[in-house]
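Okay, input.pdb now, which holds PDB, C-alpha atoms and all ligand atoms:
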ATOM      1  CA  MET U  74     118.310-214.711 -51.748
ATOM      2  CA  ALA U  75     121.932-215.557 -51.018
ATOM      3  CA  ALA U  76     124.370-212.671 -51.410
ATOM      4  CA  GLU U  77     126.573-214.571 -53.838
ATOM      5  CA  GLU U  78     123.724-215.617 -56.139
ATOM      6  CA  ILE U  79     124.067-214.186 -59.636
ATOM      7  CA  TRP U  80     121.079-212.092 -60.577
ATOM      8  CA  THR U  81     120.809-210.949 -64.177
ATOM      9  CA  ILE U  82     118.745-207.922 -65.157
ATOM     10  CA  LYS U  83     116.147-210.284 -66.619
ATOM     11  CA  ALA U  84     115.951-212.336 -63.417
ATOM     12  CA  ALA U  85     115.798-209.165 -61.312
ATOM     13  CA  LEU U  86     113.017-207.754 -63.487
ATOM     14  CA  ASP U  87     110.962-210.945 -63.323
ATOM     15  CA  PHE U  88     111.457-211.164 -59.572
ATOM     16  CA  SER U  89     110.493-207.514 -59.048
ATOM     17  CA  VAL U  90     107.357-207.726 -61.195
ATOM     18  CA  GLY U  91     106.184-210.804 -59.288
ATOM     19  CA  PHE U  92     107.049-209.303 -55.920
ATOM     20  CA  LEU U  93     105.292-205.985 -56.553
ATOM     21  CA  SER U  94     102.208-207.690 -58.052
ATOM     22  CA  LYS U  95     101.919-209.805 -54.941
ATOM     23  CA  TYR U  96     101.952-206.672 -52.798
ATOM     24  CA  GLY U  97      99.287-204.926 -54.848
ATOM     25  CA  ASP U  98     101.314-202.445 -56.919
ATOM     26  CA  GLU U  99      98.933-201.247 -59.649
ATOM     27  CA  HIS U 100     101.708-201.038 -62.235
ATOM     28  CA  PRO U 101     104.248-203.695 -61.234
ATOM     29  CA  ARG U 102     106.143-203.753 -64.535
ATOM     30  CA  LEU U 103     106.466-199.997 -64.807
ATOM     31  CA  SER U 104     107.528-199.748 -61.153
ATOM     32  CA  SER U 105     110.078-202.515 -61.654
ATOM     33  CA  GLU U 106     111.553-200.845 -64.723
ATOM     34  CA  TRP U 107     112.038-197.549 -62.877
ATOM     35  CA  LEU U 108     113.480-199.215 -59.767
ATOM     36  CA  LEU U 109     115.829-201.379 -61.779
ATOM     37  CA  ALA U 110     116.912-198.437 -63.907
ATOM     38  CA  ASP U 111     117.586-196.464 -60.743
ATOM     39  CA  ALA U 112     119.538-199.296 -59.116
ATOM     40  CA  THR U 113     121.707-199.965 -62.175
ATOM     41  CA  GLY U 114     122.079-196.489 -63.646
ATOM     42  CA  LEU U 115     120.660-197.772 -66.939
ATOM     43  CA  SER U 116     117.813-196.125 -68.823
ATOM     44  CA  ARG U 117     114.498-197.972 -68.932
ATOM     45  CA  VAL U 118     115.206-198.964 -72.541
ATOM     46  CA  GLU U 119     118.700-200.192 -71.650
ATOM     47  CA  VAL U 120     117.143-202.425 -69.008
ATOM     48  CA  TYR U 121     115.580-204.352 -71.902
ATOM     49  CA  THR U 122     118.740-204.485 -73.995
ATOM     50  CA  ASN U 123     120.956-205.728 -71.148
ATOM     51  CA  PHE U 124     118.963-208.730 -69.974
ATOM     52  CA  ASP U 125     122.036-210.936 -69.448
ATOM     53  CA  LYS U 126     124.056-208.396 -67.478
ATOM     54  CA  PRO U 127     124.556-209.482 -63.864
ATOM     55  CA  LEU U 128     123.772-207.009 -61.089
ATOM     56  CA  SER U 129     126.590-206.060 -58.726
ATOM     57  CA  SER U 130     125.972-206.613 -55.035
ATOM     58  CA  GLU U 131     125.455-202.846 -54.536
ATOM     59  CA  GLU U 132     122.892-202.808 -57.333
ATOM     60  CA  LYS U 133     121.101-205.774 -55.799
ATOM     61  CA  ALA U 134     121.048-204.084 -52.415
ATOM     62  CA  GLN U 135     119.672-200.888 -53.897
ATOM     63  CA  LEU U 136     116.957-202.724 -55.799
ATOM     64  CA  ARG U 137     115.910-204.599 -52.658
ATOM     65  CA  GLU U 138     115.771-201.337 -50.718
ATOM     66  CA  GLY U 139     113.644-199.776 -53.471
ATOM     67  CA  LEU U 140     111.245-202.716 -53.530
ATOM     68  CA  LYS U 141     110.919-202.528 -49.767
ATOM     69  CA  ARG U 142     110.086-198.815 -49.808
ATOM     70  CA  ARG U 143     107.606-199.319 -52.636
ATOM     71  CA  VAL U 144     105.665-202.097 -50.892
ATOM     72  CA  GLN U 145     105.426-199.866 -47.823
ATOM     73  CA  GLY U 146     103.353-197.537 -50.009
ATOM     74  CA  GLU U 147     105.923-194.856 -50.779
ATOM     75  CA  PRO U 148     105.277-193.246 -54.185
ATOM     76  CA  LEU U 149     107.335-194.809 -56.962
ATOM     77  CA  GLN U 150     108.719-191.416 -57.970
ATOM     78  CA  TYR U 151     110.292-190.868 -54.541
ATOM     79  CA  VAL U 152     111.754-194.362 -54.486
ATOM     80  CA  SER U 153     113.178-194.237 -58.002
ATOM     81  CA  GLY U 154     114.130-190.586 -57.550
ATOM     82  CA  GLU U 155     112.704-189.300 -60.795
ATOM     83  CA  THR U 156     109.703-188.996 -63.054
ATOM     84  CA  ALA U 157     108.876-188.034 -66.622
ATOM     85  CA  PHE U 158     107.231-184.659 -67.223
ATOM     86  CA  ARG U 159     106.455-183.590 -70.788
ATOM     87  CA  HIS U 160     109.817-183.833 -72.611
ATOM     88  CA  ILE U 161     112.080-183.855 -69.576
ATOM     89  CA  ILE U 162     113.021-186.140 -66.705
ATOM     90  CA  VAL U 163     112.561-184.480 -63.335
ATOM     91  CA  LYS U 164     114.190-185.594 -60.093
ATOM     92  CA  ALA U 165     111.692-186.251 -57.306
ATOM     93  CA  GLU U 166     112.409-186.484 -53.602
ATOM     94  CA  PRO U 167     110.491-186.666 -50.328
ATOM     95  CA  GLY U 168     109.561-183.214 -49.057
ATOM     96  CA  VAL U 169     108.652-181.896 -52.495
ATOM     97  CA  LEU U 170     105.406-182.500 -54.419
ATOM     98  CA  ILE U 171     105.641-185.074 -57.225
ATOM     99  CA  PRO U 172     104.777-183.618 -60.655
ATOM    100  CA  ARG U 173     101.269-184.598 -61.801
ATOM    101  CA  PRO U 174     100.083-185.344 -65.349
ATOM    102  CA  GLU U 175      97.453-182.576 -65.201
ATOM    103  CA  THR U 176     100.209-180.042 -64.650
ATOM    104  CA  GLU U 177     101.651-181.027 -68.031
ATOM    105  CA  MET U 178      98.427-179.551 -69.462
ATOM    106  CA  LEU U 179      98.933-176.327 -67.492
ATOM    107  CA  VAL U 180     102.259-175.944 -69.307
ATOM    108  CA  GLU U 181     100.648-176.862 -72.643
ATOM    109  CA  TYR U 182      98.006-174.139 -72.320
ATOM    110  CA  ALA U 183     100.537-171.586 -71.098
ATOM    111  CA  LEU U 184     102.734-172.253 -74.127
ATOM    112  CA  GLU U 185      99.738-171.834 -76.445
ATOM    113  CA  GLU U 186      98.795-168.552 -74.791
ATOM    114  CA  LEU U 187     102.364-167.277 -74.937
ATOM    115  CA  LYS U 188     102.581-168.050 -78.651
ATOM    116  CA  GLU U 189      99.383-166.133 -79.291
ATOM    117  CA  TYR U 190     100.575-163.289 -77.060
ATOM    118  CA  SER U 191     104.041-162.717 -78.469
ATOM    119  CA  ASN U 192     105.397-162.410 -81.969
ATOM    120  CA  GLY U 193     108.093-164.922 -81.081
ATOM    121  CA  ALA U 194     110.905-162.415 -81.261
ATOM    122  CA  GLN U 195     110.912-160.555 -77.994
ATOM    123  CA  GLU U 196     112.289-161.995 -74.772
ATOM    124  CA  LEU U 197     109.538-163.031 -72.371
ATOM    125  CA  LEU U 198     109.647-162.885 -68.588
ATOM    126  CA  ALA U 199     107.699-165.325 -66.428
ATOM    127  CA  LEU U 200     107.251-165.771 -62.698
ATOM    128  CA  GLU U 201     106.368-169.133 -61.224
ATOM    129  CA  VAL U 202     105.155-169.068 -57.620
ATOM    130  CA  GLY U 203     105.594-172.360 -55.748
ATOM    131  CA  VAL U 204     108.142-173.985 -58.020
ATOM    132  CA  GLY U 205     108.280-177.324 -56.156
ATOM    133  CA  SER U 206     110.395-179.747 -58.182
ATOM    134  CA  GLY U 207     110.786-177.182 -60.967
ATOM    135  CA  CYS U 208     108.804-179.201 -63.514
ATOM    136  CA  ILE U 209     106.779-176.231 -64.820
ATOM    137  CA  SER U 210     109.671-173.771 -65.080
ATOM    138  CA  CYS U 211     112.063-176.317 -66.578
ATOM    139  CA  SER U 212     109.469-177.360 -69.177
ATOM    140  CA  LEU U 213     108.770-173.769 -70.140
ATOM    141  CA  ALA U 214     112.487-173.150 -70.588
ATOM    142  CA  ASP U 215     112.835-176.429 -72.482
ATOM    143  CA  GLU U 216     110.014-175.723 -74.906
ATOM    144  CA  LEU U 217     110.252-171.984 -75.415
ATOM    145  CA  ASP U 218     113.646-170.487 -76.250
ATOM    146  CA  ASN U 219     112.804-166.849 -75.629
ATOM    147  CA  VAL U 220     111.515-167.098 -72.064
ATOM    148  CA  LYS U 221     113.342-166.324 -68.825
ATOM    149  CA  ILE U 222     111.820-167.411 -65.563
ATOM    150  CA  ILE U 223     111.998-166.351 -61.956
ATOM    151  CA  ALA U 224     110.698-169.118 -59.741
ATOM    152  CA  THR U 225     110.007-168.934 -56.027
ATOM    153  CA  ASP U 226     109.151-171.305 -53.234
ATOM    154  CA  ILE U 227     108.814-170.904 -49.481
ATOM    155  CA  SER U 228     110.237-174.408 -48.990
ATOM    156  CA  PRO U 229     114.052-174.753 -48.890
ATOM    157  CA  GLU U 230     113.669-178.433 -49.911
ATOM    158  CA  ALA U 231     111.807-177.355 -53.031
ATOM    159  CA  ILE U 232     114.392-174.708 -53.956
ATOM    160  CA  ALA U 233     117.192-177.251 -53.482
ATOM    161  CA  LEU U 234     115.501-179.849 -55.682
ATOM    162  CA  ALA U 235     114.440-177.312 -58.319
ATOM    163  CA  SER U 236     118.076-176.128 -58.470
ATOM    164  CA  ARG U 237     119.275-179.661 -59.109
ATOM    165  CA  ASN U 238     116.679-180.117 -61.839
ATOM    166  CA  ARG U 239     117.502-176.774 -63.411
ATOM    167  CA  ASP U 240     121.237-177.438 -63.342
ATOM    168  CA  ALA U 241     120.845-180.957 -64.768
ATOM    169  CA  LEU U 242     119.080-179.388 -67.759
ATOM    170  CA  SER U 243     121.608-176.529 -68.003
ATOM    171  CA  PHE U 244     119.045-173.773 -67.523
ATOM    172  CA  GLU U 245     121.135-171.826 -64.988
ATOM    173  CA  ASP U 246     120.999-168.670 -67.124
ATOM    174  CA  ARG U 247     117.288-169.000 -67.930
ATOM    175  CA  ILE U 248     115.760-169.828 -64.535
ATOM    176  CA  ARG U 249     116.462-167.894 -61.347
ATOM    177  CA  LEU U 250     115.344-169.616 -58.153
ATOM    178  CA  VAL U 251     114.440-167.619 -55.073
ATOM    179  CA  GLU U 252     113.486-168.907 -51.628
ATOM    180  CA  THR U 253     110.739-166.579 -50.454
ATOM    181  CA  ASN U 254     107.052-166.482 -49.518
ATOM    182  CA  MET U 255     104.970-165.896 -52.678
ATOM    183  CA  ALA U 256     107.061-163.246 -54.484
ATOM    184  CA  ASP U 257     107.986-161.178 -51.418
ATOM    185  CA  SER U 258     111.682-160.657 -52.093
ATOM    186  CA  VAL U 259     111.384-160.085 -55.866
ATOM    187  CA  GLN U 260     108.134-158.134 -56.039
ATOM    188  CA  ALA U 261     109.698-154.681 -56.139
ATOM    189  CA  GLU U 262     111.827-155.454 -59.188
ATOM    190  CA  LEU U 263     109.001-157.166 -61.102
ATOM    191  CA  GLU U 264     106.222-154.572 -61.030
ATOM    192  CA  GLY U 265     104.530-154.417 -64.415
ATOM    193  CA  ALA U 266     107.329-156.527 -65.922
ATOM    194  CA  LEU U 267     105.821-159.985 -66.330
ATOM    195  CA  ASP U 268     104.453-161.584 -69.475
ATOM    196  CA  LEU U 269     103.301-164.643 -67.530
ATOM    197  CA  LEU U 270     102.449-165.463 -63.936
ATOM    198  CA  ILE U 271     102.038-169.201 -63.540
ATOM    199  CA  SER U 272     101.364-171.383 -60.529
ATOM    200  CA  ASN U 273     100.243-174.793 -59.358
ATOM    201  CA  PRO U 274      99.583-173.629 -55.797
ATOM    202  CA  PRO U 275      98.379-175.760 -52.885
ATOM    203  CA  TYR U 276      94.655-176.026 -53.656
ATOM    204  CA  ILE U 277      93.089-179.000 -51.873
ATOM    205  CA  PRO U 278      90.264-177.638 -49.663
ATOM    206  CA  SER U 279      91.340-178.385 -46.083
ATOM    207  CA  GLN U 280      88.371-180.626 -45.321
ATOM    208  CA  TYR U 281      89.410-182.917 -48.224
ATOM    209  CA  MET U 282      92.948-183.375 -46.928
ATOM    210  CA  LYS U 283      91.861-186.305 -44.763
ATOM    211  CA  ALA U 284      90.336-188.073 -47.779
ATOM    212  CA  LEU U 285      93.521-188.038 -49.884
ATOM    213  CA  PRO U 286      94.932-191.442 -50.860
ATOM    214  CA  LYS U 287      97.461-192.681 -48.278
ATOM    215  CA  GLU U 288     100.201-192.670 -50.900
ATOM    216  CA  VAL U 289      99.716-188.893 -51.084
ATOM    217  CA  SER U 290      98.783-187.974 -47.499
ATOM    218  CA  LEU U 291     101.454-190.051 -45.765
ATOM    219  CA  PHE U 292     104.336-189.157 -48.063
ATOM    220  CA  GLU U 293     103.839-185.815 -49.819
ATOM    221  CA  PRO U 294     104.226-182.370 -48.195
ATOM    222  CA  HIS U 295     100.898-180.981 -46.979
ATOM    223  CA  LEU U 296     102.346-177.490 -47.394
ATOM    224  CA  ALA U 297     102.168-178.045 -51.163
ATOM    225  CA  LEU U 298      98.607-179.423 -51.054
ATOM    226  CA  ASP U 299      96.425-177.725 -48.428
ATOM    227  CA  GLY U 300      94.775-174.676 -49.967
ATOM    228  CA  GLY U 301      92.821-173.553 -46.898
ATOM    229  CA  PRO U 302      89.060-173.765 -46.203
ATOM    230  CA  ASP U 303      87.911-173.336 -49.821
ATOM    231  CA  GLY U 304      91.200-174.267 -51.511
ATOM    232  CA  LEU U 305      91.643-170.714 -52.754
ATOM    233  CA  ASP U 306      93.848-169.126 -50.057
ATOM    234  CA  ILE U 307      96.954-168.911 -52.229
ATOM    235  CA  PHE U 308      94.903-168.217 -55.356
ATOM    236  CA  ARG U 309      93.582-165.032 -53.717
ATOM    237  CA  GLU U 310      97.148-163.853 -53.154
ATOM    238  CA  LEU U 311      98.190-164.851 -56.665
ATOM    239  CA  LYS U 312      95.467-162.857 -58.399
ATOM    240  CA  GLU U 313      96.466-159.713 -56.504
ATOM    241  CA  LEU U 314     100.104-160.357 -57.340
ATOM    242  CA  GLY U 315      99.222-160.687 -61.027
ATOM    243  CA  LEU U 316      97.519-157.298 -61.047
ATOM    244  CA  LYS U 317     100.718-155.708 -59.719
ATOM    245  CA  LEU U 318     103.360-157.655 -61.617
ATOM    246  CA  LEU U 319     101.905-158.496 -65.030
ATOM    247  CA  LYS U 320     102.242-156.183 -67.997
ATOM    248  CA  PRO U 321      98.923-155.000 -69.438
ATOM    249  CA  GLY U 322      97.706-158.009 -71.446
ATOM    250  CA  GLY U 323     100.049-160.328 -69.506
ATOM    251  CA  ILE U 324      98.917-163.887 -68.867
ATOM    252  CA  PHE U 325      97.687-165.230 -65.532
ATOM    253  CA  ALA U 326      97.694-169.062 -65.430
ATOM    254  CA  CYS U 327      96.768-171.212 -62.460
ATOM    255  CA  GLU U 328      95.877-174.826 -61.692
ATOM    256  CA  LEU U 329      93.085-175.360 -59.153
ATOM    257  CA  HIS U 330      90.809-177.938 -57.549
ATOM    258  CA  GLU U 331      88.140-179.229 -59.944
ATOM    259  CA  GLU U 332      85.265-177.970 -57.768
ATOM    260  CA  LYS U 333      86.667-174.464 -57.324
ATOM    261  CA  LEU U 334      87.048-173.050 -60.817
ATOM    262  CA  GLU U 335      83.673-171.267 -60.885
ATOM    263  CA  ALA U 336      84.367-169.654 -57.511
ATOM    264  CA  ALA U 337      87.818-168.623 -58.725
ATOM    265  CA  LYS U 338      86.341-167.158 -61.905
ATOM    266  CA  GLU U 339      83.894-165.102 -59.871
ATOM    267  CA  LEU U 340      86.768-163.756 -57.804
ATOM    268  CA  ILE U 341      88.666-162.438 -60.813
ATOM    269  CA  ASP U 342      85.962-161.734 -63.416
ATOM    270  CA  SER U 343      85.813-158.042 -62.549
ATOM    271  CA  GLN U 344      89.591-157.711 -62.148
ATOM    272  CA  TYR U 345      90.925-159.435 -65.273
ATOM    273  CA  ASN U 346      90.022-159.732 -68.966
ATOM    274  CA  GLU U 347      89.386-162.882 -70.995
ATOM    275  CA  VAL U 348      88.885-165.093 -67.941
ATOM    276  CA  LYS U 349      88.522-168.703 -68.988
ATOM    277  CA  ILE U 350      88.321-172.125 -67.401
ATOM    278  CA  LEU U 351      90.150-174.982 -69.114
ATOM    279  CA  GLU U 352      89.886-178.730 -68.605
ATOM    280  CA  ASP U 353      92.458-181.369 -67.716
ATOM    281  CA  LEU U 354      93.117-184.671 -69.518
ATOM    282  CA  VAL U 355      90.058-186.359 -68.064
ATOM    283  CA  GLY U 356      87.750-183.470 -68.845
ATOM    284  CA  ARG U 357      87.515-181.932 -65.384
ATOM    285  CA  PRO U 358      87.729-178.162 -64.963
ATOM    286  CA  ARG U 359      91.309-177.644 -63.750
ATOM    287  CA  PHE U 360      92.885-174.388 -64.917
ATOM    288  CA  ILE U 361      92.030-170.718 -64.945
ATOM    289  CA  PHE U 362      93.610-168.347 -67.447
ATOM    290  CA  ALA U 363      93.139-164.601 -67.703
ATOM    291  CA  ARG U 364      94.780-161.444 -68.987
ATOM    292  CA  ARG U 365      95.687-158.396 -66.983
ATOM    293  CA  PRO U 366      93.667-155.402 -68.275
TER
HETATM  294  N1  LIG U 401      96.628-182.380 -58.033
HETATM  295  C1  LIG U 401      97.245-182.590 -56.769
HETATM  296  C2  LIG U 401      96.612-183.773 -56.076
HETATM  297  O1  LIG U 401      95.502-184.108 -56.365
HETATM  298  C3  LIG U 401      97.145-181.368 -55.914
HETATM  299  C4  LIG U 401      98.233-180.440 -56.212
HETATM  300  C5  LIG U 401      98.040-179.128 -55.551
HETATM  301  O2  LIG U 401      97.427-178.946 -54.501
HETATM  302  N2  LIG U 401      98.592-178.190 -56.181
HETATM  303  O3  LIG U 401      97.221-184.408 -55.254
END

Structure encoded using structure tokens:
Amino acid sequence: MAAEEIWTIKAALDFSVGFLSKYGDEHPRLSSEWLLADATGLSRVEVYTNFDKPLSSEEKAQLREGLKRRVQGEPLQYVSGETAFRHIIVKAEPGVLIPRPETEMLVEYALEELKEYSNGAQELLALEVGVGSGCISCSLADELDNVKIIATDISPEAIALASRNRDALSFEDRIRLVETNMADSVQAELEGALDLLISNPPYIPSQYMKALPKEVSLFEPHLALDGGPDGLDIFRELKELGLKLLKPGGIFACELHEEKLEAAKELIDSQYNEVKILEDLVGRPRFIFARRP
């Protein structure tokens, strides 16, 4: 396409949908909307109400770059730079795990448990281990006014992105981000203080790492995915952490691999009360919840 050619939003959208379909994108229209929104600074709805607006040459260049990255198999969320998670928009960037729909359910169940656990009045304290993009902590803060969260990650890229997401949502005084392994640098101050310990740890059993879709294995951080031989390496550390840091009756909430929930339950059945396995959106076992005795 010649540089001087005028390209309206409508023409750019039609072109992008056709281009991405040809290259096998499973959701060419959705991808095009996100890429076009990213290139123009418009919302996805505004894309549809500004069909006649011409793209500037910078916008055209950015759209072309996005289309190129997408057809090379890079996840849409990295290319467009953001994704929707529950009621918020979360920035996504290479180096940090992209929020998954099942994790929205982890937050849903945690909110339900917290409502049952508290009378709504007192201030609640939560720890999230492995904050990644910040989607879990930011959603908790967004949907529950009386919770404060300390969120850790060993990855500096994750802490940087989670900070940007937190700041964009103005949760600076509700979420404290700490770069550390597990809870190492905050453990001493949190003993017996937590109402909730929540985590979506790396949990793919190592032997399954090779079988991940290319879109995941080539682009997303293996640090956030590989859970060791049985997928429960970090889970084992988390359950011990919960016993030290949760208040009596405090909530332990963790997402895990669908084949590992029974094994996880066996590991904590004698240590925790009310251990239960919950299912994700497609009915697979996905989460384990329990209460500290
Ligand atoms: N659910 C993610 C996936 O299937 C795994 C996330 C994780 O290991 N925490 O890619």

* When distances are computed from only C-alpha atoms and all ligand atoms, which of U:Met282, U:Ala363, U:Val90, U:Leu319 shows the smallest separation from ligand LIG 401 (chain U)? ->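 Result for the nearest residue to ligand LIG 401 (chain U): U:Met282.
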
* **Long-range neighbours of Pro101 (chain U) as a ChimeraX atom specification, 9 Å cut-off, all atoms listed in the file, 6 positions minimum in chain** => /U:89-94

* To do: Quick one: pull the distance between CA of Asn238 (chain U) and CA of Leu197 (chain U), Å, one decimal.
  => 21.3 Å

* Asked: For the file shown, what are the residues hit by the PyMOL selection byres (((chain U and resi 223) around 12) and not hetatm), laid out as a ChimeraX atom specification?
  -> /U:197-204,207,209-211,213-214,220-222,224-226,232,235,239,244-253,255-256,258-260,262-263,266-272

Counting only C-alpha atoms, which residues come within 6 Å of (111.7, -181.1, -56.8), with the point read in the file's coordinates, and could you list them as a compact mmCIF listing (two decimals) with C-alpha atoms, in the frame of the given file?
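Written out: result-v1.txt:
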# COMPACT_ATOMS: atom_id res chain seq x y z
CA ALA U 165 111.69 -186.25 -57.31
CA VAL U 169 108.65 -181.90 -52.50
CA GLY U 205 108.28 -177.32 -56.16
CA SER U 206 110.40 -179.75 -58.18
CA GLY U 207 110.79 -177.18 -60.97
CA ALA U 231 111.81 -177.36 -53.03
CA LEU U 234 115.50 -179.85 -55.68
CA ALA U 235 114.44 -177.31 -58.32

* To do: Pick out the residues sitting within 7 Å of region 104-121 of chain U, and hand them over as a list of chain:residue names; count all atoms listed in the file, and ignore anything fewer than 3 positions along from it in its own chain.
  => U:Ile82, U:Leu86, U:Ser89, U:Val90, U:His100, U:Pro101, U:Phe124, U:Glu132, U:Gln135, U:Leu136, U:Gly139, U:Leu149, U:Ser153

How would the residues just picked look written out with C-alpha atoms as a short mmCIF file (atom, residue, chain, number, x, y, z; two decimals), in the coordinates of the input?
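Saved as again.cif:
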data_model
loop_
_atom_site.label_atom_id
_atom_site.label_comp_id
_atom_site.auth_asym_id
_atom_site.auth_seq_id
_atom_site.Cartn_x
_atom_site.Cartn_y
_atom_site.Cartn_z
CA ILE U 82 118.74 -207.92 -65.16
CA LEU U 86 113.02 -207.75 -63.49
CA SER U 89 110.49 -207.51 -59.05
CA VAL U 90 107.36 -207.73 -61.20
CA HIS U 100 101.71 -201.04 -62.24
CA PRO U 101 104.25 -203.70 -61.23
CA PHE U 124 118.96 -208.73 -69.97
CA GLU U 132 122.89 -202.81 -57.33
CA GLN U 135 119.67 -200.89 -53.90
CA LEU U 136 116.96 -202.72 -55.80
CA GLY U 139 113.64 -199.78 -53.47
CA LEU U 149 107.34 -194.81 -56.96
CA SER U 153 113.18 -194.24 -58.00
#

* Hey, what comes out of the PyMOL selection byres (((not hetatm)) within 6 of (chain U and resi 401)) on this file? Could you write it as a list of chain:residue names? ->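 After applying the PyMOL selection byres (((not hetatm)) within 6 of (chain U and resi 401)), what remains is U:Asn273, U:Pro274, U:Pro275, U:Tyr276, U:Ile277, U:Ala297, U:Leu298.
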
Those selected residues, please, written with C-alpha atoms and delivered as an mmCIF file, keeping the file's coordinate frame.
data_model
loop_
_atom_site.group_PDB
_atom_site.id
_atom_site.type_symbol
_atom_site.label_atom_id
_atom_site.label_comp_id
_atom_site.auth_asym_id
_atom_site.auth_seq_id
_atom_site.Cartn_x
_atom_site.Cartn_y
_atom_site.Cartn_z
ATOM 1 C CA ASN U 273 100.243 -174.793 -59.358
ATOM 2 C CA PRO U 274 99.583 -173.629 -55.797
ATOM 3 C CA PRO U 275 98.379 -175.760 -52.885
ATOM 4 C CA TYR U 276 94.655 -176.026 -53.656
ATOM 5 C CA ILE U 277 93.089 -179.000 -51.873
ATOM 6 C CA ALA U 297 102.168 -178.045 -51.163
ATOM 7 C CA LEU U 298 98.607 -179.423 -51.054
#

* Tell me which of U:Met178, U:Ile79, U:Ile227, U:Val144 sits closest to Gly356 (chain U), counting all atoms listed in the file. =>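 Using all atoms listed in the file, Gly356 (chain U) sits closest to U:Met178.
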
* What does the distance between CA of Ala84 (chain U) and CA of Gln145 (chain U) come to in Å, to one decimal place? ->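 Pair CA of Ala84 (chain U) / CA of Gln145 (chain U) returns 22.6 Å.
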
* What is the CA of Gly301 (chain U)-CA of Leu318 (chain U) distance in Å, reported with one decimal? ->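 We find that CA of Gly301 (chain U) and CA of Leu318 (chain U) lie 24.1 Å from each other.
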
* Quick one: of U:Glu78, U:Glu310, U:Glu147, U:Glu138, who's nearest to Val289 (chain U), counting only C-alpha atoms? ->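 Ranking U:Glu78, U:Glu310, U:Glu147, U:Glu138 by distance to Val289 (chain U), first place goes to U:Glu147.
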
* **Nearest to Arg237 (chain U), chosen from U:Glu155, U:Arg102, U:Glu177, U:Leu314, with all atoms listed in the file counted in the distances** =>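 For Arg237 (chain U), the nearest of the candidates is U:Glu155.
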